[in-house]
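Student: Structure provided below as structure tokens; questions to follow.
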Amino acid sequence: MNVTVCIGSSCHLKGSRKVVEQLQYKIAENDLNEKVNLGGTFCMGKCQQGVCVTVDDNFFSVSPETVDEFFEKEILAKV
């Protein structure tokens with residue numbers, strides 16, 4: 001599974017660093033390092049929608065406050 005988080009300026013201002021850190025922690029905590037590839041990219045072109053995250057090419061808008069729910073539903077449930 002490939003998870004990509006936008007780290008461009010707009011998403012950075014909306015908390016992308018915290019989103020990345022929380023996802024790194026959740027992936028390690030659930031021993032998913034072999035199954036989940038977490039990466040970063042610059043602008044995905046949807047700057048108005050919050051921190052942009054893709055999971056295997058499916059787009060999501062995530063914030064530091066919604067990372068736990070996002071992880072449970074879109075990553076943990078699908079690996």
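Each chain in the structure tokens gets a letter, A, B and so on, in the order shown; residues start at 1 in every chain, and ligands are counted from 1 in the order they appear.
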Using DSSP on the backbone coordinates, identify all residues within chain A classified as alpha helix (DSSP H); present the result as a VMD selection string.
Tutor: chain A and resid 9 to 13 16 to 29 67 to 70
Student: Find the residues around A:Gly45 up to 12 Å (only C-alpha atoms counted), leave out those fewer than 6 positions away in its own chain, and share them as a VMD selection string.
Tutor: chain A and resid 6 to 11 51 to 53 59
Student: Could you write out that same residue set with N, CA and C atoms as a tab-separated table (two decimals), in the first residue's frame?
Tutor:
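Printed below is out-v1.tsv as written:
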```
chain	number	residue	atom	x	y	z
A	6	CYS	N	1.00	15.25	0.97
A	6	CYS	CA	1.52	16.49	0.40
A	6	CYS	C	2.27	17.27	1.49
A	7	ILE	N	3.47	17.72	1.14
A	7	ILE	CA	4.25	18.53	2.07
A	7	ILE	C	4.54	19.91	1.46
A	8	GLY	N	3.72	20.28	0.48
A	8	GLY	CA	3.85	21.60	-0.14
A	8	GLY	C	3.48	22.69	0.85
A	9	SER	N	3.70	23.93	0.49
A	9	SER	CA	3.54	25.04	1.43
A	9	SER	C	2.13	25.17	2.00
A	10	SER	N	1.10	25.02	1.18
A	10	SER	CA	-0.26	25.16	1.66
A	10	SER	C	-0.61	24.04	2.65
A	11	CYS	N	-0.28	22.81	2.30
A	11	CYS	CA	-0.57	21.69	3.21
A	11	CYS	C	0.31	21.76	4.45
A	51	VAL	N	-4.88	19.00	4.16
A	51	VAL	CA	-3.69	18.22	3.89
A	51	VAL	C	-4.09	17.09	2.94
A	52	CYS	N	-3.50	17.10	1.76
A	52	CYS	CA	-3.84	16.13	0.73
A	52	CYS	C	-3.06	14.83	0.96
A	53	VAL	N	-3.80	13.73	0.95
A	53	VAL	CA	-3.19	12.41	1.15
A	53	VAL	C	-3.78	11.47	0.12
A	59	PHE	N	-7.76	9.82	-3.36
A	59	PHE	CA	-7.49	11.09	-2.68
A	59	PHE	C	-8.32	11.25	-1.40
```
Student: Under the rule that only C-alpha atoms are counted, which of A:Val55, A:Tyr25, A:Ser16, A:Gly40 is the nearest residue to A:Phe70?
Tutor: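 Smallest separation from A:Phe70 among the options: A:Val55.
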Student: Running DSSP on the backbone, which parts of chain A land in strand (DSSP E), as a list in words?
Tutor: Asn2, Val3, Thr4, Val5, Cys6, Asn37, Leu38, Gly39, Gly40, Thr41, Val51, Cys52, Val53, Thr54, Val55, Asn58, Phe59, Phe60, Ser61 and Val62 of chain A
Student: For the atom pair atom CA of A:Ile75 and atom CA of A:Phe60, what is the interatomic distance in Å to one decimal place?
Tutor: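 Here the two named atoms are 11.7 Å from each other.
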Student: Show which residues sit within 10 Å of A:Lys78, as a list in words. Count only C-alpha atoms, and ignore same-chain residues fewer than 6 positions away.
Tutor: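 The neighbour list is Met1, Phe71 and Glu72 of chain A.
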Student: Tell me which of A:Lys73, A:Leu38, A:Asp57, A:Pro64 sits closest to A:Gly15, counting only C-alpha atoms.
Tutor: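 Residue with the minimum atom-to-atom distance to A:Gly15: A:Pro64.
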Student: Of the candidates A:Leu13, A:Met44, A:Val79, A:Leu23, which one gets nearest to A:Val67 if we count only C-alpha atoms?
Tutor: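 Counting only C-alpha atoms, the residue closest to A:Val67 is A:Leu23.
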Student: Can you tell me how far atom CA of A:Ala77 sits from atom CA of A:Asp31, in Å to one decimal?
Tutor: 13.8 Å
Student: Quick check, in Å to one decimal: how far apart do atom CA of A:Asn2 and atom CA of A:Arg17 lie?
Tutor: 17.7 Å
